$ cat input37.cif   # mmCIF, C-alpha atoms, pLDDT in the B column; chains and numbers go by the auth columns
data_work
#
loop_
_atom_site.group_PDB
_atom_site.id
_atom_site.type_symbol
_atom_site.label_atom_id
_atom_site.label_comp_id
_atom_site.label_asym_id
_atom_site.label_seq_id
_atom_site.Cartn_x
_atom_site.Cartn_y
_atom_site.Cartn_z
_atom_site.B_iso_or_equiv
_atom_site.auth_seq_id
_atom_site.auth_asym_id
ATOM 1 C CA LYS A 1 8.488 13.994 7.772 74.00 1 A
ATOM 2 C CA LYS A 2 8.382 14.058 3.951 74.00 2 A
ATOM 3 C CA ILE A 3 5.972 11.109 3.846 81.00 3 A
ATOM 4 C CA LYS A 4 3.658 12.811 6.334 86.00 4 A
ATOM 5 C CA SER A 5 3.790 15.947 4.193 88.00 5 A
ATOM 6 C CA PHE A 6 3.018 13.943 1.046 91.00 6 A
ATOM 7 C CA ASN A 7 0.093 12.180 2.695 88.00 7 A
ATOM 8 C CA GLU A 8 -1.340 15.509 3.813 91.00 8 A
ATOM 9 C CA ASN A 9 -0.728 17.491 0.618 93.00 9 A
ATOM 10 C CA VAL A 10 -0.150 14.770 -2.044 94.00 10 A
ATOM 11 C CA TYR A 11 3.011 16.585 -3.130 96.00 11 A
ATOM 12 C CA ILE A 12 6.469 17.241 -1.705 96.00 12 A
ATOM 13 C CA ILE A 13 9.359 19.508 -2.678 96.00 13 A
ATOM 14 C CA PHE A 14 12.702 17.931 -1.822 96.00 14 A
ATOM 15 C CA LYS A 15 16.458 18.238 -2.385 97.00 15 A
ATOM 16 C CA VAL A 16 17.660 15.930 -5.170 98.00 16 A
ATOM 17 C CA GLU A 17 19.653 12.984 -3.952 95.00 17 A
ATOM 18 C CA ASN A 18 22.701 13.649 -6.119 96.00 18 A
ATOM 19 C CA ARG A 19 23.460 17.241 -7.137 96.00 19 A
ATOM 20 C CA GLN A 20 26.352 16.095 -9.350 96.00 20 A
ATOM 21 C CA LYS A 21 24.049 13.928 -11.454 96.00 21 A
ATOM 22 C CA LEU A 22 21.577 16.791 -11.792 97.00 22 A
ATOM 23 C CA ASN A 23 24.420 19.040 -12.964 96.00 23 A
ATOM 24 C CA HIS A 24 25.325 16.354 -15.497 95.00 24 A
ATOM 25 C CA ILE A 25 21.819 16.513 -16.960 95.00 25 A
ATOM 26 C CA LYS A 26 21.775 20.315 -16.937 95.00 26 A
ATOM 27 C CA ASN A 27 25.153 20.495 -18.687 94.00 27 A
ATOM 28 C CA PHE A 28 23.793 18.303 -21.467 94.00 28 A
ATOM 29 C CA PHE A 29 21.159 20.960 -22.213 94.00 29 A
ATOM 30 C CA ILE A 30 23.595 23.826 -21.792 93.00 30 A
ATOM 31 C CA ASN A 31 25.956 22.264 -24.335 92.00 31 A
ATOM 32 C CA GLU A 32 23.101 21.880 -26.818 92.00 32 A
ATOM 33 C CA VAL A 33 22.258 25.570 -26.433 90.00 33 A
ATOM 34 C CA LEU A 34 25.915 26.554 -26.865 88.00 34 A
ATOM 35 C CA LYS A 35 25.944 24.723 -30.196 88.00 35 A
ATOM 36 C CA ILE A 36 23.457 27.330 -31.394 86.00 36 A
ATOM 37 C CA ASN A 37 25.211 30.336 -29.900 76.00 37 A
ATOM 38 C CA ARG A 38 28.760 29.976 -28.617 70.00 38 A
ATOM 39 C CA LYS A 39 28.683 33.530 -27.281 66.00 39 A
ATOM 40 C CA SER A 40 26.014 32.655 -24.733 64.00 40 A
ATOM 41 C CA PHE A 41 26.909 32.877 -21.076 68.00 41 A
ATOM 42 C CA LYS A 42 27.125 29.214 -20.104 70.00 42 A
ATOM 43 C CA SER A 43 26.103 29.785 -16.496 73.00 43 A
ATOM 44 C CA ASP A 44 22.782 31.414 -17.378 86.00 44 A
ATOM 45 C CA CYS A 45 21.906 30.369 -20.921 91.00 45 A
ATOM 46 C CA LEU A 46 18.894 28.262 -19.894 95.00 46 A
ATOM 47 C CA ASN A 47 17.258 31.166 -18.050 95.00 47 A
ATOM 48 C CA ASN A 48 17.923 33.325 -21.109 93.00 48 A
ATOM 49 C CA LEU A 49 17.028 30.826 -23.823 94.00 49 A
ATOM 50 C CA HIS A 50 14.480 33.291 -25.232 93.00 50 A
ATOM 51 C CA ASN A 51 17.405 35.552 -26.220 91.00 51 A
ATOM 52 C CA ILE A 52 19.049 32.698 -28.126 91.00 52 A
ATOM 53 C CA ILE A 53 16.202 30.862 -29.894 92.00 53 A
ATOM 54 C CA GLU A 54 13.190 32.389 -31.619 89.00 54 A
ATOM 55 C CA PRO A 55 9.842 31.203 -30.201 89.00 55 A
ATOM 56 C CA LYS A 56 8.788 29.835 -33.606 90.00 56 A
ATOM 57 C CA LYS A 57 11.835 27.542 -33.584 92.00 57 A
ATOM 58 C CA LEU A 58 11.376 26.448 -29.993 93.00 58 A
ATOM 59 C CA ASN A 59 9.314 23.314 -30.543 93.00 59 A
ATOM 60 C CA ASN A 60 11.696 21.873 -33.129 94.00 60 A
ATOM 61 C CA PHE A 61 14.573 22.527 -30.728 94.00 61 A
ATOM 62 C CA ARG A 62 12.621 20.964 -27.852 95.00 62 A
ATOM 63 C CA MET A 63 11.828 17.819 -29.858 95.00 63 A
ATOM 64 C CA LYS A 64 15.464 17.495 -30.923 94.00 64 A
ATOM 65 C CA LEU A 65 16.528 17.624 -27.265 94.00 65 A
ATOM 66 C CA TYR A 66 13.706 15.251 -26.279 95.00 66 A
ATOM 67 C CA SER A 67 14.907 12.691 -28.795 94.00 67 A
ATOM 68 C CA LYS A 68 18.565 12.949 -27.757 93.00 68 A
ATOM 69 C CA PHE A 69 17.753 12.947 -24.066 92.00 69 A
ATOM 70 C CA ASN A 70 15.659 9.784 -24.277 93.00 70 A
ATOM 71 C CA LYS A 71 18.312 7.882 -26.230 91.00 71 A
ATOM 72 C CA SER A 72 20.858 8.535 -23.484 86.00 72 A
ATOM 73 C CA GLU A 73 21.445 7.126 -20.019 89.00 73 A
ATOM 74 C CA PHE A 74 19.544 10.018 -18.438 92.00 74 A
ATOM 75 C CA LYS A 75 16.357 8.068 -17.702 93.00 75 A
ATOM 76 C CA LYS A 76 18.181 6.022 -15.050 94.00 76 A
ATOM 77 C CA ILE A 77 19.948 9.121 -13.701 95.00 77 A
ATOM 78 C CA TYR A 78 16.665 11.037 -13.555 96.00 78 A
ATOM 79 C CA PHE A 79 15.077 8.298 -11.463 96.00 79 A
ATOM 80 C CA GLU A 80 18.091 8.200 -9.156 96.00 80 A
ATOM 81 C CA LEU A 81 17.641 11.893 -8.341 97.00 81 A
ATOM 82 C CA ALA A 82 14.552 10.927 -6.328 97.00 82 A
ATOM 83 C CA LYS A 83 14.912 7.153 -5.858 96.00 83 A
ATOM 84 C CA LYS A 84 14.686 7.081 -2.054 95.00 84 A
ATOM 85 C CA LYS A 85 11.707 9.448 -1.929 95.00 85 A
ATOM 86 C CA LEU A 86 9.841 7.540 -4.640 96.00 86 A
ATOM 87 C CA GLU A 87 10.417 4.210 -2.911 95.00 87 A
ATOM 88 C CA LEU A 88 9.179 5.623 0.399 93.00 88 A
ATOM 89 C CA ILE A 89 6.027 6.915 -1.271 93.00 89 A
ATOM 90 C CA CYS A 90 5.350 4.141 -3.800 92.00 90 A
ATOM 91 C CA GLY A 91 7.397 1.107 -2.738 91.00 91 A
ATOM 92 C CA ASN A 92 10.339 -0.381 -4.608 90.00 92 A
ATOM 93 C CA GLU A 93 8.492 -2.364 -7.298 92.00 93 A
ATOM 94 C CA LEU A 94 8.049 0.459 -9.760 93.00 94 A
ATOM 95 C CA ALA A 95 7.290 1.022 -13.413 92.00 95 A
ATOM 96 C CA MET A 96 8.386 4.221 -15.154 92.00 96 A
ATOM 97 C CA GLN A 97 7.050 5.742 -18.357 90.00 97 A
ATOM 98 C CA ARG A 98 9.249 5.037 -21.365 91.00 98 A
ATOM 99 C CA LYS A 99 10.026 8.652 -22.219 93.00 99 A
ATOM 100 C CA ILE A 100 10.943 11.602 -20.029 94.00 100 A
ATOM 101 C CA ASN A 101 9.035 14.684 -21.100 94.00 101 A
ATOM 102 C CA LEU A 102 10.584 18.113 -21.591 95.00 102 A
ATOM 103 C CA SER A 103 8.806 21.427 -21.228 94.00 103 A
ATOM 104 C CA ILE A 104 10.267 24.831 -22.140 95.00 104 A
ATOM 105 C CA GLN A 105 8.286 27.996 -21.541 96.00 105 A
ATOM 106 C CA MET A 106 9.602 31.340 -22.721 96.00 106 A
ATOM 107 C CA PRO A 107 8.427 34.702 -21.363 96.00 107 A
ATOM 108 C CA LYS A 108 5.085 35.846 -22.780 95.00 108 A
ATOM 109 C CA ASP A 109 4.870 32.778 -25.058 91.00 109 A
ATOM 110 C CA ASP A 110 1.395 31.205 -25.106 90.00 110 A
ATOM 111 C CA SER A 111 2.328 28.262 -27.355 86.00 111 A
ATOM 112 C CA SER A 112 3.423 25.974 -24.502 82.00 112 A
ATOM 113 C CA LEU A 113 0.485 26.263 -22.144 87.00 113 A
ATOM 114 C CA LEU A 114 -0.900 23.342 -20.162 85.00 114 A
ATOM 115 C CA PRO A 115 -4.432 24.190 -18.988 84.00 115 A
ATOM 116 C CA ILE A 116 -5.576 22.964 -15.601 87.00 116 A
ATOM 117 C CA HIS A 117 -6.018 19.196 -15.655 87.00 117 A
ATOM 118 C CA SER A 118 -5.531 15.877 -13.938 85.00 118 A
ATOM 119 C CA ASP A 119 -3.618 13.186 -15.830 86.00 119 A
ATOM 120 C CA VAL A 120 -6.227 10.708 -14.606 84.00 120 A
ATOM 121 C CA TRP A 121 -8.692 12.381 -16.994 79.00 121 A
ATOM 122 C CA SER A 122 -6.475 11.169 -19.860 80.00 122 A
ATOM 123 C CA GLY A 123 -6.574 7.568 -18.687 84.00 123 A
ATOM 124 C CA CYS A 124 -3.522 7.444 -16.404 85.00 124 A
ATOM 125 C CA SER A 125 -3.704 5.448 -13.192 87.00 125 A
ATOM 126 C CA PRO A 126 -4.722 7.441 -10.086 84.00 126 A
ATOM 127 C CA TYR A 127 -1.908 5.618 -8.260 87.00 127 A
ATOM 128 C CA GLU A 128 0.861 7.181 -10.356 92.00 128 A
ATOM 129 C CA VAL A 129 3.020 10.052 -9.166 95.00 129 A
ATOM 130 C CA VAL A 130 4.885 12.607 -11.248 96.00 130 A
ATOM 131 C CA LEU A 131 8.542 13.518 -10.742 97.00 131 A
ATOM 132 C CA TRP A 132 9.227 17.068 -11.988 97.00 132 A
ATOM 133 C CA ILE A 133 12.742 18.467 -11.741 97.00 133 A
ATOM 134 C CA PRO A 134 13.317 21.975 -13.139 97.00 134 A
ATOM 135 C CA LEU A 135 16.750 22.787 -14.571 97.00 135 A
ATOM 136 C CA VAL A 136 16.442 26.401 -13.392 97.00 136 A
ATOM 137 C CA SER A 137 14.961 27.930 -10.246 98.00 137 A
ATOM 138 C CA VAL A 138 11.237 28.557 -10.707 98.00 138 A
ATOM 139 C CA LYS A 139 8.551 30.586 -8.982 97.00 139 A
ATOM 140 C CA LYS A 140 5.300 32.401 -9.770 97.00 140 A
ATOM 141 C CA THR A 141 4.326 32.160 -13.455 97.00 141 A
ATOM 142 C CA LYS A 142 7.760 30.767 -14.324 97.00 142 A
ATOM 143 C CA SER A 143 6.696 27.687 -12.375 97.00 143 A
ATOM 144 C CA MET A 144 3.595 25.476 -12.371 96.00 144 A
ATOM 145 C CA PHE A 145 0.545 25.742 -10.145 96.00 145 A
ATOM 146 C CA ILE A 146 -1.400 23.200 -8.141 95.00 146 A
ATOM 147 C CA LEU A 147 -4.763 23.343 -6.465 93.00 147 A
ATOM 148 C CA PRO A 148 -4.247 22.633 -2.731 94.00 148 A
ATOM 149 C CA LYS A 149 -5.614 19.244 -1.710 92.00 149 A
ATOM 150 C CA LYS A 150 -8.565 20.320 0.437 89.00 150 A
ATOM 151 C CA ILE A 151 -9.860 22.577 -2.332 91.00 151 A
ATOM 152 C CA ASN A 152 -8.804 20.097 -5.004 90.00 152 A
ATOM 153 C CA ASP A 153 -10.941 17.305 -3.544 86.00 153 A
ATOM 154 C CA ARG A 154 -14.049 19.430 -3.781 85.00 154 A
ATOM 155 C CA TYR A 155 -13.453 20.512 -7.386 83.00 155 A
ATOM 156 C CA TYR A 156 -12.180 17.103 -8.466 77.00 156 A
ATOM 157 C CA ARG A 157 -15.455 15.455 -7.479 76.00 157 A
ATOM 158 C CA ASN A 158 -17.478 18.044 -9.371 77.00 158 A
ATOM 159 C CA PHE A 159 -15.342 18.867 -12.422 73.00 159 A
ATOM 160 C CA TYR A 160 -18.037 17.490 -14.759 71.00 160 A
ATOM 161 C CA LYS A 161 -20.166 20.525 -13.908 79.00 161 A
ATOM 162 C CA PHE A 162 -17.797 22.734 -15.910 81.00 162 A
ATOM 163 C CA LYS A 163 -18.252 22.785 -19.673 75.00 163 A
ATOM 164 C CA ASP A 164 -14.518 23.153 -20.393 80.00 164 A
ATOM 165 C CA SER A 165 -11.175 23.631 -18.667 80.00 165 A
ATOM 166 C CA SER A 166 -11.216 27.404 -19.175 84.00 166 A
ATOM 167 C CA LYS A 167 -14.369 27.714 -17.046 86.00 167 A
ATOM 168 C CA LEU A 168 -12.832 25.456 -14.417 86.00 168 A
ATOM 169 C CA GLN A 169 -9.643 27.542 -14.486 87.00 169 A
ATOM 170 C CA LYS A 170 -11.567 30.766 -14.035 88.00 170 A
ATOM 171 C CA SER A 171 -13.422 29.390 -11.034 89.00 171 A
ATOM 172 C CA ILE A 172 -10.230 28.436 -9.169 89.00 172 A
ATOM 173 C CA ASP A 173 -7.836 31.219 -10.258 92.00 173 A
ATOM 174 C CA ASN A 174 -7.883 32.823 -6.825 93.00 174 A
ATOM 175 C CA LYS A 175 -7.262 29.472 -5.108 94.00 175 A
ATOM 176 C CA ILE A 176 -4.258 28.050 -6.973 95.00 176 A
ATOM 177 C CA LYS A 177 -0.788 27.818 -5.438 96.00 177 A
ATOM 178 C CA TRP A 178 2.351 28.622 -7.437 97.00 178 A
ATOM 179 C CA LEU A 179 5.236 26.350 -6.452 98.00 179 A
ATOM 180 C CA LYS A 180 8.643 27.836 -5.664 98.00 180 A
ATOM 181 C CA ILE A 181 11.373 25.308 -6.467 98.00 181 A
ATOM 182 C CA ASP A 182 15.059 26.188 -6.437 98.00 182 A
ATOM 183 C CA TYR A 183 17.587 24.551 -8.736 98.00 183 A
ATOM 184 C CA GLY A 184 18.718 21.421 -6.897 98.00 184 A
ATOM 185 C CA GLU A 185 15.189 20.644 -5.720 98.00 185 A
ATOM 186 C CA GLY A 186 12.495 18.485 -7.250 98.00 186 A
ATOM 187 C CA LEU A 187 8.761 17.929 -6.986 98.00 187 A
ATOM 188 C CA ILE A 188 6.841 14.680 -6.551 97.00 188 A
ATOM 189 C CA PHE A 189 3.070 14.954 -6.778 96.00 189 A
ATOM 190 C CA SER A 190 0.005 12.834 -7.327 93.00 190 A
ATOM 191 C CA HIS A 191 -1.334 13.739 -10.728 86.00 191 A
ATOM 192 C CA SER A 192 -4.864 13.497 -9.388 87.00 192 A
ATOM 193 C CA LEU A 193 -3.980 16.923 -7.998 90.00 193 A
ATOM 194 C CA LEU A 194 -5.271 19.545 -10.426 91.00 194 A
ATOM 195 C CA HIS A 195 -2.321 21.398 -11.927 93.00 195 A
ATOM 196 C CA GLY A 196 -1.127 23.346 -14.969 93.00 196 A
ATOM 197 C CA ASN A 197 0.701 26.488 -16.030 94.00 197 A
ATOM 198 C CA LYS A 198 -0.042 29.915 -17.483 94.00 198 A
ATOM 199 C CA VAL A 199 1.733 32.438 -19.649 95.00 199 A
ATOM 200 C CA ASN A 200 5.176 33.038 -18.180 96.00 200 A
ATOM 201 C CA LYS A 201 5.080 36.707 -17.185 96.00 201 A
ATOM 202 C CA THR A 202 8.625 36.748 -15.795 97.00 202 A
ATOM 203 C CA SER A 203 11.708 37.844 -17.733 96.00 203 A
ATOM 204 C CA GLU A 204 13.278 34.356 -17.735 97.00 204 A
ATOM 205 C CA THR A 205 12.703 31.076 -19.561 96.00 205 A
ATOM 206 C CA ARG A 206 11.500 28.012 -17.690 96.00 206 A
#

$ encode --input "input37.cif" --output "structure tokens"
Amino acid sequence: KKIKSFNENVYIIFKVENRQKLNHIKNFFINEVLKINRKSFKSDCLNNLHNIIEPKKLNNFRMKLYSKFNKSEFKKIYFELAKKKLELICGNELAMQRKINLSIQMPKDDSSLLPIHSDVWSGCSPYEVVLWIPLVSVKKTKSMFILPKKINDRYYRNFYKFKDSSKLQKSIDNKIKWLKIDYGEGLIFSHSLLHGNKVNKTSETR
């Protein structure tokens, strides 16, 4: 069923294969936040990160976490959260990028925006897929958007007609789909699917 859905939509939302391992990753980030502010409520400090760290200090904090995260065993754990789904979609002879990326988007902060794009435009293989696992529940502008496949195919073939990504974004703003993903779920998508994010207009950090 999931493979049929992926073939039709070139993305799937699924339950992670090991909730305990996902909690292990999340607790790593929670503990890093608690080092900054021990008075934070552990259970909700990631959603409320904007109340703990100033936006101007966010990128330094993000890069510190990025460095620690990628020196740990989490790359293997991250893959194992979706191993069966990835092998069904891609086969079991896989290569994985060397570093796992980390995105943090605070409410009303425009410094972490990712305009509409396809990773193929940056030289990535069209046969790659992206595994995106949020550490908090996301929806609407706290999430990311995709352009549904049928519409995507039309715009993807003709993207060169737009002078820049902002004009492309404006032309598809009423066609994008915001993905709702609960904590404990993940997303696998073909990065030939046009996607991006916008200013987070919710009251929580992604």

$ residues_around --input "input37.cif" --residues "region 23-26 of chain A" --least-positions-apart "6" --cutoff "9 Å" --atoms "all atoms listed in the file" --output "list in words"
Leu46, Phe69, Phe74, Ile77, Tyr78, Leu135, Val136 and Gly184 of chain A

$ closest_residue --input "input37.cif" --among "A:Leu34, A:Leu193, A:Val10, A:Pro55" --to "Lys108 (chain A)" --atoms "only C-alpha atoms"
A:Pro55

$ closest_residue --input "input37.cif" --among "A:Lys64, A:Lys57, A:Lys15, A:Arg157" --to "Gly186 (chain A)" --atoms "all atoms listed in the file"
A:Lys15

$ axis_aligned_box --input "input37.cif" --around "region 117-130 of chain A" --padding-each-side "4 Å" --output "AutoDock Vina command-line options"
--center_x -1.9 --center_y 12.3 --center_z -14.1 --size_x 21.6 --size_y 21.7 --size_z 19.6

$ closest_residue --input "input37.cif" --among "A:Asn31, A:Thr205, A:Gln97, A:Ser166" --to "Leu65 (chain A)" --atoms "all atoms listed in the file"
A:Asn31

$ closest_residue --input "input37.cif" --among "A:Ser118, A:Val130, A:Asp109, A:Tyr183" --to "Lys198 (chain A)" --atoms "all atoms listed in the file"
A:Asp109

$ resolve_selection --input "input37.cif" --expression "the PyMOL selection byres ((chain A and resi 47) around 9)" --output "ChimeraX atom specification"
/A:44-46,48-50,106,136-137,203-206

$ resolve_selection --input "input37.cif" --expression "the PyMOL selection byres ((chain A and resi 177) around 6)" --output "list in words"
Phe145, Ile146, Ile176 and Trp178 of chain A
